[in-house]
$ cat run36.cif   # mmCIF, C-alpha atoms and all ligand atoms
data_final
loop_
_atom_site.label_atom_id
_atom_site.label_comp_id
_atom_site.auth_asym_id
_atom_site.auth_seq_id
_atom_site.Cartn_x
_atom_site.Cartn_y
_atom_site.Cartn_z
CA MET A 244 47.43 8.55 -50.28
CA ALA A 245 45.55 10.65 -47.80
CA VAL A 246 45.10 9.37 -44.28
CA LYS A 247 41.53 8.76 -43.13
CA THR A 248 40.61 10.61 -39.98
CA LEU A 249 38.39 10.07 -36.99
CA GLN A 250 35.74 12.17 -38.71
CA ASP A 251 35.70 9.74 -41.64
CA LEU A 252 35.11 6.89 -39.20
CA LEU A 253 32.32 8.79 -37.44
CA ASP A 254 30.75 9.50 -40.83
CA GLU A 255 30.85 5.79 -41.67
CA GLY A 256 29.10 5.09 -38.37
CA VAL A 257 30.49 3.42 -35.24
CA GLU A 258 27.38 2.73 -33.17
CA GLY A 259 27.69 -0.74 -31.68
CA ARG A 260 31.08 -1.32 -33.36
CA GLY A 261 34.23 -2.24 -31.52
CA VAL A 262 36.92 0.41 -32.01
CA LEU A 263 40.50 -0.23 -30.93
CA VAL A 264 42.21 3.03 -29.95
CA ARG A 265 45.98 3.32 -29.39
CA SER A 266 46.58 6.32 -27.13
CA ASP A 267 49.71 7.67 -25.49
CA LEU A 268 48.90 7.60 -21.77
CA ASN A 269 52.53 7.35 -20.69
CA VAL A 270 52.38 9.90 -17.86
CA PRO A 271 55.06 10.46 -15.21
CA LEU A 272 54.26 8.72 -11.91
CA ASP A 273 55.64 9.36 -8.45
CA ASN A 274 54.79 6.50 -6.11
CA GLY A 275 51.65 5.69 -8.07
CA VAL A 276 50.56 9.35 -8.23
CA ILE A 277 50.33 11.03 -11.65
CA THR A 278 52.52 14.14 -11.57
CA ASP A 279 51.58 15.50 -15.01
CA PRO A 280 48.31 14.33 -16.62
CA GLY A 281 49.02 16.20 -19.90
CA ARG A 282 48.98 13.12 -22.11
CA ILE A 283 45.75 11.77 -20.60
CA ILE A 284 44.02 15.10 -21.15
CA ALA A 285 45.32 15.28 -24.72
CA SER A 286 43.86 11.82 -25.43
CA VAL A 287 40.34 12.64 -24.26
CA PRO A 288 38.84 14.27 -27.41
CA THR A 289 39.21 11.18 -29.60
CA ILE A 290 37.91 8.80 -26.93
CA LYS A 291 35.02 11.11 -26.09
CA ALA A 292 33.94 11.46 -29.72
CA LEU A 293 33.84 7.67 -30.12
CA VAL A 294 31.97 7.14 -26.86
CA GLU A 295 29.40 9.76 -27.78
CA ALA A 296 28.91 8.11 -31.16
CA GLY A 297 28.11 4.81 -29.40
CA ALA A 298 31.27 2.83 -30.15
CA LYS A 299 32.53 0.08 -27.88
CA VAL A 300 35.96 1.52 -27.18
CA VAL A 301 38.88 -0.81 -26.47
CA LEU A 302 41.81 1.35 -25.47
CA THR A 303 45.43 0.25 -25.47
CA ALA A 304 48.47 2.13 -24.15
CA HIS A 305 51.79 1.62 -22.42
CA LEU A 306 53.28 3.01 -19.23
CA GLY A 307 57.00 3.21 -18.55
CA ARG A 308 59.37 0.44 -19.57
CA PRO A 309 58.25 -2.89 -18.10
CA LYS A 310 60.47 -5.81 -19.09
CA GLY A 311 57.89 -7.63 -21.22
CA GLU A 312 56.07 -9.05 -18.20
CA PRO A 313 53.47 -7.79 -15.72
CA ASP A 314 54.88 -5.29 -13.21
CA PRO A 315 52.35 -4.03 -10.64
CA ALA A 316 54.25 -0.75 -10.27
CA LEU A 317 53.54 -0.02 -13.94
CA SER A 318 49.85 -0.95 -13.97
CA LEU A 319 47.58 1.45 -15.82
CA ALA A 320 45.23 1.51 -12.78
CA PRO A 321 45.97 5.16 -11.81
CA VAL A 322 45.62 6.13 -15.47
CA ALA A 323 42.22 4.41 -15.75
CA GLU A 324 41.04 6.30 -12.69
CA ARG A 325 42.21 9.69 -13.98
CA LEU A 326 40.86 9.04 -17.47
CA ALA A 327 37.45 8.20 -15.99
CA GLN A 328 37.48 11.57 -14.20
CA GLU A 329 38.40 13.43 -17.38
CA LEU A 330 35.79 11.58 -19.46
CA GLY A 331 33.11 11.81 -16.79
CA ARG A 332 32.29 8.13 -17.17
CA ASN A 333 33.38 4.70 -16.03
CA VAL A 334 36.56 3.24 -17.50
CA GLN A 335 37.03 -0.48 -16.95
CA LEU A 336 40.58 -1.75 -16.58
CA ALA A 337 41.29 -5.27 -17.82
CA GLY A 338 43.49 -7.36 -15.55
CA ASP A 339 45.59 -8.43 -18.53
CA VAL A 340 46.57 -7.28 -22.02
CA VAL A 341 44.84 -9.71 -24.37
CA GLY A 342 44.15 -12.56 -21.92
CA GLN A 343 40.96 -14.07 -20.53
CA ASP A 344 39.92 -11.01 -18.57
CA ALA A 345 40.37 -8.66 -21.53
CA LEU A 346 38.44 -11.04 -23.78
CA ALA A 347 35.57 -11.53 -21.33
CA ARG A 348 35.27 -7.81 -20.67
CA SER A 349 35.39 -6.92 -24.37
CA GLU A 350 32.54 -9.36 -25.03
CA GLY A 351 30.51 -7.69 -22.31
CA LEU A 352 30.89 -4.14 -23.67
CA THR A 353 27.79 -2.17 -24.62
CA ASP A 354 27.61 0.97 -26.75
CA GLY A 355 29.59 3.86 -25.30
CA ASP A 356 31.61 1.70 -22.89
CA VAL A 357 35.37 2.14 -22.48
CA LEU A 358 37.68 -0.76 -21.69
CA LEU A 359 41.35 0.02 -21.04
CA LEU A 360 43.66 -2.95 -21.57
CA GLU A 361 46.50 -3.41 -19.08
CA ASN A 362 49.93 -1.98 -20.02
CA ILE A 363 50.57 -3.28 -23.56
CA ARG A 364 54.30 -3.58 -22.82
CA PHE A 365 53.56 -6.29 -20.25
CA ASP A 366 53.42 -8.42 -23.41
CA PRO A 367 56.92 -8.90 -24.88
CA ARG A 368 55.46 -9.23 -28.40
CA GLU A 369 54.51 -5.52 -28.45
CA THR A 370 58.09 -4.37 -29.02
CA SER A 371 59.43 -7.57 -30.62
CA LYS A 372 61.69 -7.27 -33.68
CA ASP A 373 60.05 -10.47 -34.96
CA ASP A 374 57.21 -9.59 -37.36
CA ALA A 375 55.42 -12.89 -36.66
CA ALA A 376 55.40 -12.34 -32.89
CA ARG A 377 54.06 -8.79 -33.27
CA GLY A 378 51.52 -10.04 -35.77
CA LYS A 379 50.18 -12.56 -33.26
CA LEU A 380 49.66 -9.91 -30.62
CA ALA A 381 48.04 -7.65 -33.21
CA ARG A 382 45.58 -10.44 -34.12
CA ALA A 383 44.72 -10.93 -30.46
CA LEU A 384 43.99 -7.20 -30.18
CA VAL A 385 41.82 -7.32 -33.29
CA GLU A 386 39.84 -10.19 -31.76
CA LEU A 387 38.79 -7.86 -28.94
CA VAL A 388 36.96 -5.54 -31.34
CA GLY A 389 35.50 -8.19 -33.62
CA ASP A 390 35.19 -8.53 -37.38
CA ASP A 391 33.58 -5.18 -38.07
CA GLY A 392 36.04 -3.36 -35.82
CA ALA A 393 38.18 -0.35 -36.64
CA PHE A 394 41.53 1.03 -35.46
CA VAL A 395 42.15 4.62 -34.44
CA SER A 396 45.78 5.63 -34.03
CA ASP A 397 46.01 8.49 -31.56
CA GLY A 398 49.26 7.86 -29.67
CA PHE A 399 51.47 10.43 -31.32
CA GLY A 400 54.30 9.75 -28.86
CA VAL A 401 54.69 6.22 -30.28
CA VAL A 402 54.10 6.62 -34.04
CA HIS A 403 57.85 6.44 -34.68
CA ARG A 404 57.82 2.89 -33.30
CA LYS A 405 57.07 -0.20 -35.37
CA GLN A 406 55.14 -1.94 -32.59
CA ALA A 407 52.17 -4.31 -32.57
CA SER A 408 49.61 -1.84 -31.18
CA VAL A 409 50.92 1.02 -33.31
CA TYR A 410 51.81 -0.54 -36.64
CA ASP A 411 50.72 -4.16 -37.04
CA VAL A 412 47.08 -3.66 -35.99
CA ALA A 413 46.71 -0.99 -38.66
CA GLU A 414 47.51 -3.61 -41.28
CA LEU A 415 44.63 -5.78 -40.05
CA LEU A 416 41.80 -3.29 -39.47
CA PRO A 417 40.36 -0.28 -41.29
CA HIS A 418 42.52 2.51 -39.83
CA TYR A 419 42.10 6.18 -39.02
CA ALA A 420 44.21 8.96 -37.50
CA GLY A 421 42.77 10.23 -34.22
CA THR A 422 42.42 13.98 -33.62
CA LEU A 423 45.69 14.20 -31.72
CA VAL A 424 47.78 12.40 -34.34
CA ALA A 425 46.13 14.40 -37.14
CA ALA A 426 46.81 17.69 -35.33
CA GLU A 427 50.45 16.79 -34.59
CA VAL A 428 51.16 15.80 -38.18
CA GLU A 429 49.57 19.02 -39.42
CA VAL A 430 51.83 21.06 -37.11
CA LEU A 431 54.96 19.20 -38.23
CA ARG A 432 54.02 19.76 -41.84
CA LYS A 433 53.83 23.48 -41.12
CA LEU A 434 57.35 23.34 -39.66
CA THR A 435 58.76 21.72 -42.79
CA THR A 436 56.89 23.28 -45.73
CA ASP A 437 56.27 26.95 -46.63
CA THR A 438 57.61 27.98 -43.24
CA GLU A 439 57.22 31.66 -42.46
CA ARG A 440 60.54 33.43 -41.82
CA PRO A 441 62.49 34.22 -39.77
CA TYR A 442 62.47 30.58 -38.62
CA ALA A 443 64.17 29.98 -35.27
CA VAL A 444 64.90 26.64 -33.66
CA VAL A 445 65.94 26.31 -30.01
CA LEU A 446 67.62 23.08 -28.94
CA GLY A 447 68.64 22.13 -25.43
CA GLY A 448 68.39 19.17 -23.11
CA SER A 449 71.04 16.80 -21.99
CA LYS A 450 72.51 14.85 -24.90
CA VAL A 451 73.89 16.18 -28.18
CA SER A 452 73.85 12.68 -29.68
CA ASP A 453 70.02 12.55 -29.41
CA LYS A 454 69.71 15.78 -31.36
CA LEU A 455 72.56 15.73 -33.87
CA ALA A 456 70.37 14.39 -36.65
CA VAL A 457 67.81 17.13 -36.13
CA ILE A 458 70.54 19.80 -36.09
CA GLU A 459 71.84 18.38 -39.39
CA ALA A 460 68.37 18.39 -40.91
CA LEU A 461 67.23 21.81 -39.68
CA ALA A 462 70.41 23.92 -39.83
CA PRO A 463 70.23 24.43 -43.62
CA LYS A 464 66.54 25.41 -43.40
CA VAL A 465 66.47 27.88 -40.51
CA ASP A 466 67.62 31.45 -39.94
CA THR A 467 68.54 30.97 -36.30
CA LEU A 468 69.60 27.85 -34.40
CA VAL A 469 69.98 28.50 -30.69
CA ILE A 470 71.81 25.84 -28.67
CA GLY A 471 71.67 25.71 -24.87
CA GLY A 472 71.20 23.10 -22.16
CA GLY A 473 73.68 20.34 -21.38
CA MET A 474 74.43 19.85 -25.06
CA CYS A 475 76.00 23.30 -25.53
CA PHE A 476 79.16 22.25 -23.69
CA THR A 477 80.19 19.81 -26.39
CA PHE A 478 79.91 22.71 -28.85
CA LEU A 479 81.91 25.00 -26.55
CA ALA A 480 84.53 22.26 -26.24
CA ALA A 481 84.56 22.02 -30.05
CA GLN A 482 85.63 25.67 -30.06
CA GLY A 483 88.54 24.72 -27.84
CA LEU A 484 87.04 26.17 -24.64
CA PRO A 485 87.36 24.60 -21.20
CA VAL A 486 84.03 23.27 -19.86
CA GLY A 487 85.00 22.21 -16.32
CA SER A 488 82.91 19.26 -15.19
CA SER A 489 79.90 20.18 -17.33
CA LEU A 490 78.11 17.52 -19.36
CA LEU A 491 80.39 16.60 -22.25
CA GLN A 492 80.14 14.02 -25.00
CA GLU A 493 83.79 13.76 -26.05
CA GLU A 494 83.07 11.44 -28.95
CA MET A 495 80.83 14.15 -30.45
CA ILE A 496 83.32 17.04 -30.31
CA GLU A 497 84.57 16.44 -33.84
CA THR A 498 81.02 16.28 -35.21
CA CYS A 499 80.09 19.50 -33.43
CA ARG A 500 83.19 21.18 -34.88
CA GLY A 501 82.00 20.14 -38.34
CA LEU A 502 78.54 21.59 -37.69
CA LEU A 503 80.07 24.87 -36.50
CA ASP A 504 82.23 25.04 -39.64
CA ARG A 505 79.25 24.57 -41.93
CA TYR A 506 76.51 26.39 -40.06
CA GLY A 507 78.42 28.86 -37.88
CA ASP A 508 76.36 31.72 -39.30
CA VAL A 509 73.06 30.36 -37.99
CA ILE A 510 74.21 28.59 -34.79
CA HIS A 511 74.10 30.69 -31.62
CA LEU A 512 75.83 29.45 -28.48
CA PRO A 513 75.62 30.96 -24.98
CA ARG A 514 78.30 33.53 -24.11
CA ASP A 515 77.72 33.32 -20.37
CA ILE A 516 76.95 30.32 -18.19
CA VAL A 517 75.60 29.73 -14.68
CA VAL A 518 78.08 27.31 -13.12
CA ALA A 519 77.62 25.26 -9.94
CA ASP A 520 80.01 23.47 -7.60
CA LYS A 521 77.83 20.35 -7.65
CA PHE A 522 74.69 18.94 -9.27
CA ALA A 523 72.17 19.89 -6.60
CA ALA A 524 69.31 22.30 -5.93
CA ASP A 525 71.34 24.02 -3.21
CA ALA A 526 74.67 24.11 -5.06
CA GLU A 527 76.82 27.21 -4.83
CA SER A 528 76.52 29.05 -8.15
CA LYS A 529 77.91 32.01 -10.14
CA VAL A 530 77.72 33.47 -13.62
CA VAL A 531 80.89 33.20 -15.71
CA SER A 532 81.82 33.97 -19.29
CA ALA A 533 81.38 30.92 -21.54
CA ASN A 534 85.12 30.92 -22.24
CA GLU A 535 86.06 30.90 -18.56
CA ILE A 536 84.29 27.93 -17.00
CA PRO A 537 86.51 27.14 -14.01
CA ASP A 538 87.94 23.70 -13.35
CA GLY A 539 85.71 21.61 -11.12
CA TRP A 540 82.57 23.68 -11.83
CA MET A 541 79.70 22.55 -14.01
CA GLY A 542 77.41 24.62 -16.22
CA LEU A 543 73.79 24.07 -15.20
CA ASP A 544 72.12 26.96 -17.04
CA ILE A 545 72.77 29.58 -19.70
CA GLY A 546 73.62 32.99 -18.22
CA PRO A 547 71.39 36.09 -18.16
CA ASP A 548 73.10 37.79 -21.12
CA SER A 549 72.62 34.69 -23.24
CA ALA A 550 68.97 34.40 -22.21
CA ALA A 551 68.45 38.04 -23.24
CA ARG A 552 70.31 37.61 -26.53
CA PHE A 553 68.44 34.40 -27.38
CA GLY A 554 65.17 36.05 -26.30
CA ALA A 555 65.73 38.97 -28.68
CA LEU A 556 66.26 36.57 -31.60
CA LEU A 557 63.14 34.59 -30.69
CA THR A 558 60.71 37.47 -30.27
CA GLU A 559 61.54 38.54 -33.85
CA ALA A 560 60.90 35.09 -35.33
CA ARG A 561 57.72 34.18 -37.26
CA THR A 562 58.17 30.45 -36.71
CA VAL A 563 59.74 28.84 -33.63
CA PHE A 564 60.41 25.21 -32.73
CA TRP A 565 61.73 24.57 -29.23
CA ASN A 566 63.02 21.23 -27.95
CA GLY A 567 65.00 20.81 -24.77
CA PRO A 568 65.38 23.00 -21.66
CA MET A 569 68.23 25.56 -21.49
CA GLY A 570 69.33 24.33 -18.07
CA VAL A 571 68.44 22.11 -15.15
CA PHE A 572 65.05 23.83 -14.75
CA GLU A 573 64.03 21.22 -12.15
CA PHE A 574 66.22 23.22 -9.71
CA GLU A 575 64.84 26.75 -9.21
CA LYS A 576 68.37 28.22 -9.18
CA PHE A 577 69.01 26.98 -12.72
CA ALA A 578 65.57 27.61 -14.25
CA ALA A 579 66.04 31.24 -15.35
CA GLY A 580 67.51 30.46 -18.78
CA THR A 581 64.66 28.13 -19.70
CA ARG A 582 62.13 30.63 -18.33
CA GLY A 583 63.70 33.50 -20.32
CA VAL A 584 63.64 31.59 -23.58
CA ALA A 585 60.10 30.30 -22.97
CA GLU A 586 58.85 33.82 -22.17
CA ALA A 587 60.39 35.14 -25.38
CA ILE A 588 58.58 32.42 -27.33
CA VAL A 589 55.31 33.40 -25.64
CA GLN A 590 55.94 36.99 -26.78
CA ALA A 591 56.54 35.76 -30.32
CA THR A 592 53.22 33.88 -30.18
CA GLU A 593 51.49 37.05 -29.02
CA LYS A 594 52.96 38.84 -32.04
CA GLY A 595 51.43 36.23 -34.34
CA ALA A 596 54.29 33.77 -34.78
CA PHE A 597 53.67 30.03 -35.13
CA THR A 598 55.39 28.44 -32.13
CA VAL A 599 55.80 24.79 -31.24
CA VAL A 600 57.20 23.10 -28.13
CA GLY A 601 58.32 19.48 -28.58
CA GLY A 602 59.78 17.13 -25.99
CA GLY A 603 58.50 15.71 -22.74
CA ASP A 604 60.78 17.70 -20.46
CA SER A 605 60.27 20.94 -22.39
CA ALA A 606 56.49 20.57 -22.11
CA ALA A 607 56.90 19.75 -18.41
CA ALA A 608 59.05 22.89 -18.05
CA VAL A 609 56.30 25.04 -19.58
CA ARG A 610 53.86 23.72 -17.00
CA SER A 611 56.16 23.70 -13.98
CA LEU A 612 57.41 27.25 -14.64
CA GLY A 613 53.79 28.37 -14.66
CA LEU A 614 53.83 29.62 -18.26
CA PRO A 615 50.48 29.83 -20.02
CA GLU A 616 49.92 26.75 -22.18
CA ASP A 617 48.09 28.93 -24.69
CA GLY A 618 51.26 31.02 -24.97
CA PHE A 619 52.39 28.53 -27.60
CA SER A 620 50.64 27.60 -30.85
CA HIS A 621 51.19 23.92 -30.09
CA ILE A 622 52.72 21.80 -27.34
CA SER A 623 53.59 18.44 -28.79
CA THR A 624 52.98 15.25 -26.82
CA GLY A 625 55.71 13.33 -28.61
CA GLY A 626 59.31 14.49 -28.42
CA GLY A 627 60.97 11.55 -30.17
CA ALA A 628 58.31 11.32 -32.87
CA SER A 629 58.49 15.09 -33.61
CA LEU A 630 62.28 14.98 -33.84
CA GLU A 631 62.28 11.98 -36.18
CA TYR A 632 59.72 13.67 -38.42
CA LEU A 633 61.80 16.86 -38.53
CA GLU A 634 64.88 14.77 -39.31
CA GLY A 635 63.00 13.66 -42.43
CA LYS A 636 62.59 10.05 -41.30
CA GLU A 637 59.47 8.09 -42.16
CA LEU A 638 57.31 7.40 -39.10
CA PRO A 639 56.06 3.77 -39.41
CA GLY A 640 52.88 4.46 -37.42
CA ILE A 641 51.96 7.28 -39.82
CA ALA A 642 53.10 5.57 -43.02
CA VAL A 643 50.90 2.55 -42.23
CA LEU A 644 47.82 4.80 -41.97
CA GLU A 645 48.47 5.98 -45.53
CA GLY A 646 48.05 2.48 -47.00
P1 LIG B 701 63.09 16.95 -23.91
O1 LIG B 701 62.44 15.84 -23.10
O2 LIG B 701 62.32 18.22 -23.87
O3 LIG B 701 63.42 16.49 -25.31
P2 LIG B 701 65.72 16.25 -22.94
O4 LIG B 701 65.17 14.96 -22.44
O5 LIG B 701 66.64 16.22 -24.09
O6 LIG B 701 64.52 17.28 -23.23
O7 LIG B 701 66.54 16.97 -21.76
C1 LIG B 701 65.93 17.37 -20.58
C2 LIG B 701 66.88 17.33 -19.41
O8 LIG B 701 68.08 18.02 -19.70
C3 LIG B 701 66.29 17.99 -18.19
O9 LIG B 701 66.02 17.01 -17.22
C4 LIG B 701 67.37 18.98 -17.73
O10 LIG B 701 67.60 18.96 -16.34
C5 LIG B 701 68.59 18.47 -18.48
N1 LIG B 701 69.57 19.55 -18.65
C6 LIG B 701 69.41 20.74 -19.23
N2 LIG B 701 70.52 21.49 -19.14
C7 LIG B 701 71.43 20.74 -18.48
C8 LIG B 701 72.78 20.96 -18.07
N3 LIG B 701 73.41 22.10 -18.32
N4 LIG B 701 73.41 19.96 -17.40
C9 LIG B 701 72.77 18.80 -17.14
N5 LIG B 701 71.50 18.53 -17.51
C10 LIG B 701 70.83 19.49 -18.18
MG MG B 702 63.27 14.08 -22.16
#
$ encode --input "run36.cif" --output "structure tokens"
Amino acid sequence: MAVKTLQDLLDEGVEGRGVLVRSDLNVPLDNGVITDPGRIIASVPTIKALVEAGAKVVLTAHLGRPKGEPDPALSLAPVAERLAQELGRNVQLAGDVVGQDALARSEGLTDGDVLLLENIRFDPRETSKDDAARGKLARALVELVGDDGAFVSDGFGVVHRKQASVYDVAELLPHYAGTLVAAEVEVLRKLTTDTERPYAVVLGGSKVSDKLAVIEALAPKVDTLVIGGGMCFTFLAAQGLPVGSSLLQEEMIETCRGLLDRYGDVIHLPRDIVVADKFAADAESKVVSANEIPDGWMGLDIGPDSAARFGALLTEARTVFWNGPMGVFEFEKFAAGTRGVAEAIVQATEKGAFTVVGGGDSAAAVRSLGLPEDGFSHISTGGGASLEYLEGKELPGIAVLEG
């Protein structure tokens, strides 16, 4: 069944109605200061549309990983402040999740008001495996928007989680996909059906184990699968090469060997590597051939030849999905590989290719390397959710909107 969208809800009319919105406002914080407001900005269109239509908006979101109890360091206070700036209107922050303060404030809302509930993960029932516990929290959330309330799911970064504010509330209220969730799902659909070829996928980042399932799912469907980042060393080791003290997941070597046997014709590994004598911004570094990583040195980036070779493959592609940096881009010395690959993808976009960046660190790399955000067709806000979709898994937070 088709998912109802925010537009359907607006057409039905929301003036004076309580609307519960689940957004993904999980931004990186450094001592209480938001270092990348991307997810807040991406959440604004849905909230704004509801406010302008006169809804009483009750917003719920999480921040970080509190241990199921209030943690002042993970309060949504800085988020409320930034969101108010972006919306150009007041955003109230409740002092609790679904407690007395949230209830009193929700009863006092007038049309067009926005109330942000405190970090939903302060309540242990949010992520509980027990359906009854999650159900109770969901009912308390529903109480805040009243009997004629509605639920808008707009937190794409959490739709792969069966959690109270993502999944269970949708079973209790009329439910709609927000603009962000609808846009993300549309993009993922384009990456899995009638994909224009050549189709290139670039995978990097730190752990192979996180991305094995997506390699398995995508390798048979793509023309080019480029592997860089910390995960390439397990593949190099699978070819019998020495990797020094680079990141290595020994227990995955056998699996990587199997992938190389089956998909060797589409998988491209780096042939040169930037190695460092330690994991630090000021490490001593040099470029070596990928089959000559010296003992005691660690690979922190793909080398310049590999960046050029990968770049050439990517500029020719008509569809590109990129997840995971090619090196430790946080250190300027080891950012060139990621920059090279990202620039090639921007060129592909300029030539009319459909290009998607998924993954929190990859999106952060695009911004911190100063690349134009419009150099990509889409920058996803949800790494885990995108990967699970591409793996062919059902996303509970999407499936529930279909019912
Ligand atoms: P994303 O969030 O985009 O999915 P990941 O979380 O999988 O990406 O990985 C990002 C991290 O991988 C970055 O912090 C980066 O520093 C790290 N990384 C990339 N290459 C290496 C490497 N060669 N050695 C160690 N860490 C690496
Ligand atoms: Mg990450």
$ closest_residue --input "run36.cif" --among "A:Pro513, A:Glu586, A:Leu336, A:Asp544" --to "Met569 of chain A" --atoms "all atoms listed in the file"
A:Asp544
$ residues_around --input "run36.cif" --residues "Pro537 of chain A" --least-positions-apart "4" --cutoff "8 Å" --atoms "all atoms listed in the file" --output "ChimeraX atom specification"
/A:485-487
$ residues_near_ligand --input "run36.cif" --ligand "ligand LIG 701 (chain B)" --cutoff "6 Å" --atoms "only C-alpha atoms and all ligand atoms" --output "list in words"
Gly448, Ser449, Gly472, Gly473, Leu490, Gly542, Leu543, Asp544, Asn566, Gly567, Pro568, Met569, Gly570, Val571, Phe572, Glu573, Gly602, Gly603, Asp604, Ser605 and Gly626 of chain A
$ residues_around --input "run36.cif" --residues "Gly546 of chain A" --least-positions-apart "2" --cutoff "8 Å" --atoms "all atoms listed in the file" --output "list in words"
Pro513, Arg514, Asp515, Ile516, Val517, Val530, Val531, Asp544, Asp548, Ser549, Ala550 and Gly580 of chain A
$ closest_residue --input "run36.cif" --among "A:Pro271, A:Ile290, A:Leu358, A:Ser318" --to "ligand MG 702 (chain B)" --atoms "all atoms listed in the file"
A:Pro271
$ axis_aligned_box --input "run36.cif" --around "segment 397-405 of chain A" --padding-each-side "8 Å" --output "lines of an AutoDock Vina configuration file"
center_x = 51.9
center_y = 5.1
center_z = -32.1
size_x = 27.8
size_y = 26.6
size_z = 22.5
$ residues_around --input "run36.cif" --residues "Ala347 of chain A" --least-positions-apart "2" --cutoff "12 Å" --atoms "all atoms listed in the file" --output "list of chain:residue names"
A:Gln335, A:Leu336, A:Ala337, A:Gly338, A:Asp339, A:Val340, A:Val341, A:Gly342, A:Gln343, A:Asp344, A:Ala345, A:Ser349, A:Glu350, A:Gly351, A:Leu352, A:Leu358, A:Leu360, A:Glu386, A:Leu387, A:Val388
$ residues_near_point --input "run36.cif" --point "(53.0, 26.7, -18.2)" --cutoff "12 Å" --atoms "all atoms listed in the file" --output "JSON, numbers by chain"
{"A": [279, 281, 581, 582, 585, 586, 589, 600, 605, 606, 607, 608, 609, 610, 611, 612, 613, 614, 615, 616, 617, 618, 619, 622]}
$ residues_around --input "run36.cif" --residues "Ile363 of chain A" --least-positions-apart "4" --cutoff "9 Å" --atoms "all atoms listed in the file" --output "JSON, numbers by chain"
{"A": [303, 304, 305, 306, 311, 339, 340, 341, 367, 369, 408]}
$ closest_residue --input "run36.cif" --among "A:Gly389, A:His621, A:Gln406, A:Ala296" --to "Lys372 of chain A" --atoms "only C-alpha atoms"
A:Gln406
$ closest_residue --input "run36.cif" --among "A:Gly447, A:Phe564, A:Lys464, A:Tyr442" --to "ligand MG 702 (chain B)" --atoms "all atoms listed in the file"
A:Gly447
$ residues_around --input "run36.cif" --residues "Pro288 of chain A" --least-positions-apart "6" --cutoff "10 Å" --atoms "all atoms listed in the file" --output "ChimeraX atom specification"
/A:294,330,421-423
$ atom_distance --input "run36.cif" --atom1 "atom CA of Glu427 of chain A" --atom2 "atom CA of Thr289 of chain A"
13.5 Å
$ closest_residue --input "run36.cif" --among "A:Asp390, A:Asp273, A:Glu329, A:Glu324" --to "Leu359 of chain A" --atoms "only C-alpha atoms"
A:Glu324
$ atom_distance --input "run36.cif" --atom1 "atom CA of Ala555 of chain A" --atom2 "atom CA of Asp508 of chain A"
16.7 Å
$ atom_distance --input "run36.cif" --atom1 "atom CA of Ala456 of chain A" --atom2 "atom CA of Gly471 of chain A"
16.4 Å
$ closest_residue --input "run36.cif" --among "A:Cys499, A:Val401, A:Ile284, A:Ala591" --to "Arg265 of chain A" --atoms "only C-alpha atoms"
A:Val401
